[in-house]
Amino acid sequence: MSDASACERTASPIDLSIRSPREGRSGNGLPGPLAEAALFFGAWLRHPANIGAIMPTRAPLARAMGDEAASDGTGSIVELGGGTGPLTRALLASGISHDRLTVIERNPVFHRFLVRQFPNLRILHADAEELTEALTRHQVGRVRTIVSSLPRVGWPLARQRSILSQSFAALGSEGGFLEFSYGPVSPVPCILLRELGLVARRLKRVWGNFPPATVWGYRRQLIAGNGPS
Ligand SMILES: C[S@@+](CC[C@H](N)C(=O)[O-])C[C@H]1O[C@@H](n2cnc3c(N)ncnc32)[C@H](O)[C@@H]1O
């Protein structure tokens, strides 16, 4: 059984009463941003390892990720782990059009929340471990950039390898994979960088975020003589 169906079974009706920020006050009387924070915190309490943070990504870091993705040329963009949508909002605010963006979210409550917030966006209820299948099923072709906020740190290596190798299969030789960290080291472990032939770059330090964060970019290492595939 996939984790997605396990989440489905444990989703509580309280989650579903919380409306998106666009809809103003939520069913529990909280204004939008507080409702979003409450929804996120509730999900973290139930599935701490799957959610990986106690609150949504803050605006300065979300903006930095959006700007990096927008500066990476044209083409499809896939966001892994949409949550309550701070990065999705930032990607759209940075000028990326709706038709270029696909969001993948495994948690059914977050997925429903995102669909209500962004009715014109392709938001897939899917597991990043089944990325190839999800992108094929929804006819998303070659991807230019993947923006990930999956809480991979601490996940078994095999699971990380599966997600990263499917991501780079979708990206081809030229695409880039963006991720952020709050610590000084690359969130993609060195062993996987070597195995998958990737180079890591610190793209931006976001001092204005709390806590300060680093935006990382990963690409396939180009081997002399091998042009883009
Ligand atoms: C740290 S939260 C980030 C959420 C949001 N993007 C943000 O920046 O606030 C990680 C998100 O990844 C989702 N997630 C975790 N594992 C996943 C998987 N295997 N496939 C798809 N989404 C996953 C979680 O449900 C959660 O929404």
# chains A, B, ... in the order shown; residues from 1 in each chain; ligands from 1

call {"tool": "residues_near_ligand", "arguments": {"ligand": "ligand 1", "cutoff": "8 Å", "atoms": "only C-alpha atoms and all ligand atoms", "output": "PyMOL selection string"}}
result
chain A and resi 50-58+62+79-88+104-107+110+125-129+148-152

call {"tool": "select_by_dssp", "arguments": {"residues": "stretch 67-148 of chain A", "states": "helix (DSSP H, G or I)", "output": "ChimeraX atom specification"}}
result
/A:67-70,86-93,98-100,108-117,128-137

call {"tool": "atom_distance", "arguments": {"atom1": "atom CA of A:Leu171", "atom2": "atom CA of A:Val143"}}
result
4.9 Å

call {"tool": "atom_distance", "arguments": {"atom1": "atom CA of A:Cys190", "atom2": "atom CA of A:Phe168"}}
result
16.0 Å

call {"tool": "closest_residue", "arguments": {"among": "A:Ile123, A:Thr102, A:Gln117, A:Pro187", "to": "A:Gly32", "atoms": "only C-alpha atoms"}}
result
A:Gln117

call {"tool": "atom_distance", "arguments": {"atom1": "atom CA of A:Ile146", "atom2": "atom CA of A:Gly176"}}
result
6.5 Å

call {"tool": "closest_residue", "arguments": {"among": "A:Gly197, A:Pro119, A:Gly75, A:Pro60", "to": "A:Thr214", "atoms": "only C-alpha atoms"}}
result
A:Pro60

call {"tool": "closest_residue", "arguments": {"among": "A:Ser173, A:Thr74, A:Thr132, A:Ser165", "to": "A:Leu193", "atoms": "only C-alpha atoms"}}
result
A:Ser165

call {"tool": "residues_around", "arguments": {"residues": "A:Pro189", "least_positions_apart": "4", "cutoff": "9 Å", "atoms": "only C-alpha atoms", "output": "list in words"}}
result
Val153, Leu157, Val185, Leu193 and Arg194 of chain A

call {"tool": "write_last_selection", "arguments": {"atoms": "N, CA and C atoms", "output": "mmCIF file, in the first residue's frame"}}
result
data_model
loop_
_atom_site.group_PDB
_atom_site.id
_atom_site.type_symbol
_atom_site.label_atom_id
_atom_site.label_comp_id
_atom_site.auth_asym_id
_atom_site.auth_seq_id
_atom_site.Cartn_x
_atom_site.Cartn_y
_atom_site.Cartn_z
ATOM 1 N N VAL A 153 16.150 14.967 4.105
ATOM 2 C CA VAL A 153 17.247 14.741 5.051
ATOM 3 C C VAL A 153 16.808 13.696 6.077
ATOM 4 N N LEU A 157 18.650 6.165 2.094
ATOM 5 C CA LEU A 157 19.355 6.529 0.865
ATOM 6 C C LEU A 157 18.626 6.011 -0.385
ATOM 7 N N VAL A 185 25.595 22.424 4.816
ATOM 8 C CA VAL A 185 25.990 21.400 3.830
ATOM 9 C C VAL A 185 24.876 21.122 2.822
ATOM 10 N N LEU A 193 25.551 12.485 -4.987
ATOM 11 C CA LEU A 193 26.110 13.378 -6.017
ATOM 12 C C LEU A 193 27.058 12.594 -6.906
ATOM 13 N N ARG A 194 27.913 11.796 -6.267
ATOM 14 C CA ARG A 194 28.908 11.018 -7.033
ATOM 15 C C ARG A 194 28.213 9.969 -7.890
#

call {"tool": "closest_atom_pairs", "arguments": {"of": "stretch 32-76 of chain A", "to": "stretch 95-99 of chain A", "cutoff": "10 Å", "atoms": "only C-alpha atoms", "output": "JSON lines"}}
result
{"residue": "A:Gly66", "atom": "CA", "partner": "A:Ile96", "partner_atom": "CA", "distance": 8.5}
{"residue": "A:Asp67", "atom": "CA", "partner": "A:Gly95", "partner_atom": "CA", "distance": 8.7}
{"residue": "A:Ala69", "atom": "CA", "partner": "A:Ile96", "partner_atom": "CA", "distance": 8.4}
{"residue": "A:Ala70", "atom": "CA", "partner": "A:Ile96", "partner_atom": "CA", "distance": 6.2}
{"residue": "A:Ser71", "atom": "CA", "partner": "A:Ile96", "partner_atom": "CA", "distance": 9.7}
{"residue": "A:Thr74", "atom": "CA", "partner": "A:Ile96", "partner_atom": "CA", "distance": 8.8}
{"residue": "A:Gly75", "atom": "CA", "partner": "A:Ile96", "partner_atom": "CA", "distance": 9.6}
{"residue": "A:Ser76", "atom": "CA", "partner": "A:Asp99", "partner_atom": "CA", "distance": 8.2}

call {"tool": "closest_residue", "arguments": {"among": "A:Glu174, A:Gly154, A:Arg89, A:Arg116", "to": "A:Ala59", "atoms": "only C-alpha atoms"}}
result
A:Arg89

call {"tool": "closest_residue", "arguments": {"among": "A:Leu39, A:Leu101, A:Leu164, A:Leu91", "to": "A:Leu131", "atoms": "only C-alpha atoms"}}
result
A:Leu164

call {"tool": "closest_residue", "arguments": {"among": "A:Gly73, A:Gly172, A:Gly42, A:Pro108", "to": "A:Arg220", "atoms": "only C-alpha atoms"}}
result
A:Gly172

call {"tool": "decode", "arguments": {"residues": "stretch 40-135 of chain A", "atoms": "C-alpha atoms", "output": "compact mmCIF listing (two decimals), in the first residue's frame"}}
result
# COMPACT_ATOMS: atom_id res chain seq x y z
CA PHE A 40 0.56 22.72 8.41
CA PHE A 41 1.30 22.25 12.11
CA GLY A 42 -1.54 19.72 12.43
CA ALA A 43 -0.13 17.72 9.51
CA TRP A 44 3.34 17.81 11.06
CA LEU A 45 1.95 16.52 14.39
CA ARG A 46 0.45 13.52 12.59
CA HIS A 47 3.31 12.78 10.16
CA PRO A 48 6.46 14.59 11.36
CA ALA A 49 8.90 12.72 9.10
CA ASN A 50 6.75 13.18 5.99
CA ILE A 51 6.10 16.88 6.53
CA GLY A 52 9.56 17.71 7.86
CA ALA A 53 8.87 21.25 9.13
CA ILE A 54 6.54 22.77 11.67
CA MET A 55 5.55 25.72 9.51
CA PRO A 56 5.37 26.60 5.82
CA THR A 57 8.45 28.11 4.15
CA ARG A 58 8.68 31.82 4.85
CA ALA A 59 8.31 34.47 2.19
CA PRO A 60 11.99 35.56 1.72
CA LEU A 61 13.14 32.01 1.04
CA ALA A 62 10.10 31.22 -1.10
CA ARG A 63 10.84 34.37 -3.17
CA ALA A 64 14.49 33.37 -3.58
CA MET A 65 13.49 29.90 -4.82
CA GLY A 66 10.88 31.42 -7.18
CA ASP A 67 13.41 33.89 -8.61
CA GLU A 68 16.00 31.16 -9.18
CA ALA A 69 13.48 28.96 -10.97
CA ALA A 70 12.27 31.86 -13.10
CA SER A 71 15.82 32.75 -14.14
CA ASP A 72 16.51 29.20 -15.33
CA GLY A 73 15.16 29.67 -18.85
CA THR A 74 11.85 28.53 -20.25
CA GLY A 75 10.18 25.14 -20.12
CA SER A 76 8.22 23.05 -17.63
CA ILE A 77 8.71 23.41 -13.92
CA VAL A 78 7.77 20.72 -11.41
CA GLU A 79 7.42 21.46 -7.72
CA LEU A 80 7.87 18.48 -5.40
CA GLY A 81 5.98 18.73 -2.10
CA GLY A 82 3.62 21.70 -2.48
CA GLY A 83 2.41 21.70 1.13
CA THR A 84 0.15 24.71 1.67
CA GLY A 85 1.66 26.50 -1.33
CA PRO A 86 4.21 29.17 -0.31
CA LEU A 87 6.67 28.10 -3.01
CA THR A 88 3.87 27.65 -5.54
CA ARG A 89 2.74 31.23 -4.88
CA ALA A 90 6.32 32.49 -5.19
CA LEU A 91 6.86 30.62 -8.46
CA LEU A 92 3.74 32.21 -9.94
CA ALA A 93 4.66 35.63 -8.51
CA SER A 94 8.07 35.41 -10.15
CA GLY A 95 6.36 35.34 -13.54
CA ILE A 96 6.14 31.60 -14.23
CA SER A 97 2.88 30.99 -16.06
CA HIS A 98 0.30 28.47 -14.86
CA ASP A 99 0.73 26.27 -17.91
CA ARG A 100 4.44 25.75 -17.18
CA LEU A 101 3.96 24.56 -13.60
CA THR A 102 3.05 21.14 -12.17
CA VAL A 103 2.87 20.56 -8.42
CA ILE A 104 3.23 17.11 -6.84
CA GLU A 105 1.87 16.60 -3.33
CA ARG A 106 1.35 13.31 -1.55
CA ASN A 107 -0.65 14.42 1.48
CA PRO A 108 -4.36 14.37 0.51
CA VAL A 109 -5.30 17.25 2.80
CA PHE A 110 -2.58 19.50 1.38
CA HIS A 111 -3.49 18.36 -2.10
CA ARG A 112 -7.12 19.45 -1.63
CA PHE A 113 -5.99 22.72 -0.06
CA LEU A 114 -3.74 23.45 -3.04
CA VAL A 115 -6.43 22.60 -5.57
CA ARG A 116 -8.76 25.11 -3.89
CA GLN A 117 -6.07 27.77 -3.75
CA PHE A 118 -4.84 27.32 -7.31
CA PRO A 119 -7.81 26.07 -9.32
CA ASN A 120 -6.06 26.70 -12.66
CA LEU A 121 -2.89 24.83 -11.83
CA ARG A 122 -1.96 21.19 -12.50
CA ILE A 123 -1.69 19.77 -8.97
CA LEU A 124 -1.14 16.03 -8.83
CA HIS A 125 -1.93 13.90 -5.82
CA ALA A 126 1.13 11.73 -6.22
CA ASP A 127 4.23 10.46 -4.51
CA ALA A 128 7.57 11.85 -5.68
CA GLU A 129 8.81 8.26 -5.54
CA GLU A 130 6.51 7.62 -8.49
CA LEU A 131 7.51 10.76 -10.35
CA THR A 132 8.16 9.18 -13.75
CA GLU A 133 4.78 7.50 -13.76
CA ALA A 134 2.94 10.64 -12.59
CA LEU A 135 4.60 12.87 -15.22
